[in-house]
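**Student:** Next comes the structure file input_20.pdb, holding PDB, C-alpha atoms, pLDDT in the B column.
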ATOM      1  CA  MET A   1     117.134  77.162  84.548  1.00 54.00           C
ATOM      2  CA  LEU A   2     114.631  75.009  82.684  1.00 62.00           C
ATOM      3  CA  THR A   3     112.813  78.127  81.537  1.00 62.00           C
ATOM      4  CA  GLU A   4     116.014  79.566  80.092  1.00 62.00           C
ATOM      5  CA  THR A   5     116.704  76.391  78.124  1.00 58.00           C
ATOM      6  CA  GLY A   6     113.288  76.394  76.495  1.00 70.00           C
ATOM      7  CA  ARG A   7     111.706  73.844  78.813  1.00 77.00           C
ATOM      8  CA  ALA A   8     109.218  76.171  80.503  1.00 78.00           C
ATOM      9  CA  ALA A   9     106.358  73.644  80.400  1.00 84.00           C
ATOM     10  CA  GLU A  10     108.460  71.162  82.360  1.00 88.00           C
ATOM     11  CA  ALA A  11     109.547  73.877  84.791  1.00 88.00           C
ATOM     12  CA  GLU A  12     105.930  74.902  85.319  1.00 91.00           C
ATOM     13  CA  GLN A  13     104.851  71.367  86.219  1.00 93.00           C
ATOM     14  CA  LEU A  14     107.780  70.850  88.596  1.00 94.00           C
ATOM     15  CA  LEU A  15     107.076  74.157  90.333  1.00 94.00           C
ATOM     16  CA  ARG A  16     103.363  73.371  90.660  1.00 94.00           C
ATOM     17  CA  ASP A  17     104.184  69.984  92.210  1.00 96.00           C
ATOM     18  CA  THR A  18     106.750  71.545  94.551  1.00 95.00           C
ATOM     19  CA  ARG A  19     104.325  74.287  95.578  1.00 94.00           C
ATOM     20  CA  THR A  20     101.662  71.710  96.437  1.00 95.00           C
ATOM     21  CA  ARG A  21     104.108  69.660  98.533  1.00 95.00           C
ATOM     22  CA  VAL A  22     105.444  72.702 100.366  1.00 94.00           C
ATOM     23  CA  GLN A  23     101.907  73.844 101.133  1.00 92.00           C
ATOM     24  CA  LYS A  24     100.977  70.424 102.556  1.00 95.00           C
ATOM     25  CA  VAL A  25     104.124  70.019 104.642  1.00 95.00           C
ATOM     26  CA  LEU A  26     105.107  73.541 105.692  1.00 92.00           C
ATOM     27  CA  GLY A  27     101.953  75.582 105.101  1.00 89.00           C
ATOM     28  CA  ARG A  28     101.101  78.659 103.080  1.00 87.00           C
ATOM     29  CA  ASP A  29     102.879  81.000 105.502  1.00 86.00           C
ATOM     30  CA  HIS A  30     106.312  79.466 105.020  1.00 89.00           C
ATOM     31  CA  LEU A  31     108.909  81.484 103.113  1.00 90.00           C
ATOM     32  CA  LEU A  32     109.641  78.554 100.804  1.00 92.00           C
ATOM     33  CA  TYR A  33     105.988  78.599  99.706  1.00 92.00           C
ATOM     34  CA  PHE A  34     106.323  82.287  98.807  1.00 91.00           C
ATOM     35  CA  ALA A  35     109.550  81.665  96.899  1.00 92.00           C
ATOM     36  CA  VAL A  36     108.162  78.748  94.892  1.00 94.00           C
ATOM     37  CA  THR A  37     105.017  80.710  94.098  1.00 93.00           C
ATOM     38  CA  ARG A  38     107.068  83.640  92.822  1.00 92.00           C
ATOM     39  CA  ASP A  39     109.215  81.304  90.710  1.00 92.00           C
ATOM     40  CA  LEU A  40     106.063  79.751  89.279  1.00 94.00           C
ATOM     41  CA  ALA A  41     104.722  83.223  88.474  1.00 93.00           C
ATOM     42  CA  ASP A  42     107.988  84.080  86.694  1.00 91.00           C
ATOM     43  CA  THR A  43     107.728  80.888  84.656  1.00 92.00           C
ATOM     44  CA  LEU A  44     104.126  81.582  83.718  1.00 93.00           C
ATOM     45  CA  GLU A  45     105.089  85.087  82.657  1.00 91.00           C
ATOM     46  CA  ALA A  46     107.833  83.674  80.449  1.00 88.00           C
ATOM     47  CA  ARG A  47     105.193  81.500  78.796  1.00 88.00           C
ATOM     48  CA  GLY A  48     102.993  84.529  78.108  1.00 91.00           C
ATOM     49  CA  ARG A  49     100.450  83.866  80.856  1.00 93.00           C
ATOM     50  CA  GLN A  50     100.643  87.230  82.601  1.00 94.00           C
ATOM     51  CA  PHE A  51      97.121  87.146  84.060  1.00 94.00           C
ATOM     52  CA  GLU A  52      97.710  83.855  85.876  1.00 93.00           C
ATOM     53  CA  ALA A  53     101.136  85.070  87.018  1.00 94.00           C
ATOM     54  CA  ALA A  54      99.626  88.272  88.423  1.00 93.00           C
ATOM     55  CA  LYS A  55      97.022  86.292  90.369  1.00 93.00           C
ATOM     56  CA  LEU A  56      99.737  84.100  91.899  1.00 91.00           C
ATOM     57  CA  ARG A  57     101.847  87.100  92.855  1.00 90.00           C
ATOM     58  CA  ALA A  58      98.843  88.764  94.455  1.00 90.00           C
ATOM     59  CA  SER A  59      98.120  85.626  96.467  1.00 87.00           C
ATOM     60  CA  VAL A  60     101.492  85.775  98.222  1.00 85.00           C
ATOM     61  CA  GLN A  61     101.791  89.519  98.781  1.00 79.00           C
ATOM     62  CA  ARG A  62     102.093  90.318 102.471  1.00 65.00           C
ATOM     63  CA  LYS A  63     101.731  93.641 104.190  1.00 50.00           C
ATOM     64  CA  GLY A  64     104.984  95.523 104.002  1.00 44.00           C
ATOM     65  CA  THR A  65     106.278  93.451 101.098  1.00 53.00           C
ATOM     66  CA  PRO A  66     106.960  95.635  98.061  1.00 48.00           C
ATOM     67  CA  LYS A  67     105.083  94.557  94.946  1.00 54.00           C
ATOM     68  CA  LYS A  68     107.153  93.560  91.939  1.00 56.00           C
ATOM     69  CA  ARG A  69     106.637  95.914  88.997  1.00 50.00           C
TER
END
Would you mind writing the file's structure down as structure tokens?

**Tutor:**
Amino acid sequence: MLTETGRAAEAEQLLRDTRTRVQKVLGRDHLLYFAVTRDLADTLEARGRQFEAAKLRASVQRKGTPKKR
């Protein structure tokens, strides 16, 4: 929502903070961690940072999970 209203920088920081908290509390294998990471990748892509977004997406790909094209 923040990304769509032109506040992508704010959205990016909130998602990074949320991702860090989820990782500390629930771990990197939790589905919420995957979801937040994908949202962060989408936000980075919207800001023109495709390389960083691709690295994040690759970090959460699991066997059997289709890759987003």

**Student:** Name the residues that the PyMOL selection byres ((chain A and resi 45) around 12) pulls out of this structure, and write them as a ChimeraX atom specification.

**Tutor:** /A:3,8-9,12,38-44,46-57

**Student:** Only C-alpha atoms, please: the residues just picked out, written as a PDB file, in the frame of the given file.

**Tutor:**
ATOM      1  CA  THR A   3     112.813  78.127  81.537  1.00 62.00           C
ATOM      2  CA  ALA A   8     109.218  76.171  80.503  1.00 78.00           C
ATOM      3  CA  ALA A   9     106.358  73.644  80.400  1.00 84.00           C
ATOM      4  CA  GLU A  12     105.930  74.902  85.319  1.00 91.00           C
ATOM      5  CA  ARG A  38     107.068  83.640  92.822  1.00 92.00           C
ATOM      6  CA  ASP A  39     109.215  81.304  90.710  1.00 92.00           C
ATOM      7  CA  LEU A  40     106.063  79.751  89.279  1.00 94.00           C
ATOM      8  CA  ALA A  41     104.722  83.223  88.474  1.00 93.00           C
ATOM      9  CA  ASP A  42     107.988  84.080  86.694  1.00 91.00           C
ATOM     10  CA  THR A  43     107.728  80.888  84.656  1.00 92.00           C
ATOM     11  CA  LEU A  44     104.126  81.582  83.718  1.00 93.00           C
ATOM     12  CA  ALA A  46     107.833  83.674  80.449  1.00 88.00           C
ATOM     13  CA  ARG A  47     105.193  81.500  78.796  1.00 88.00           C
ATOM     14  CA  GLY A  48     102.993  84.529  78.108  1.00 91.00           C
ATOM     15  CA  ARG A  49     100.450  83.866  80.856  1.00 93.00           C
ATOM     16  CA  GLN A  50     100.643  87.230  82.601  1.00 94.00           C
ATOM     17  CA  PHE A  51      97.121  87.146  84.060  1.00 94.00           C
ATOM     18  CA  GLU A  52      97.710  83.855  85.876  1.00 93.00           C
ATOM     19  CA  ALA A  53     101.136  85.070  87.018  1.00 94.00           C
ATOM     20  CA  ALA A  54      99.626  88.272  88.423  1.00 93.00           C
ATOM     21  CA  LYS A  55      97.022  86.292  90.369  1.00 93.00           C
ATOM     22  CA  LEU A  56      99.737  84.100  91.899  1.00 91.00           C
ATOM     23  CA  ARG A  57     101.847  87.100  92.855  1.00 90.00           C
TER      24      ARG A  57
END

**Student:** With distances taken over only C-alpha atoms, which residue among A:Lys24, A:Phe34, A:Arg16, A:Arg7 lies nearest Ser59 of chain A?

**Tutor:** A:Phe34

**Student:** For a test of reading the model, state the distance in Å between atom CA of Gln23 of chain A and atom CA of Val36 of chain A, rounded to one decimal.

**Tutor:**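 According to the coordinates, atom CA of Gln23 of chain A and atom CA of Val36 of chain A are separated by 10.1 Å.
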
**Student:** State, in Å with one decimal place, the distance from atom CA of Leu32 of chain A to atom CA of Gly6 of chain A.

**Tutor:** 24.7 Å

**Student:** In Å to one decimal, how far is atom CA of Gln61 of chain A from atom CA of Tyr33 of chain A?

**Tutor:**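 These two atoms are separated by 11.7 Å.
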
**Student:** For segment 34-39 of chain A, what centre and edge lengths in Å (one decimal) does the axis-aligned box get once 8 Å is added on each side of all its listed atoms, as AutoDock Vina command-line options?

**Tutor:**
--center_x 107.3 --center_y 81.2 --center_z 94.8 --size_x 20.5 --size_y 20.9 --size_z 24.1
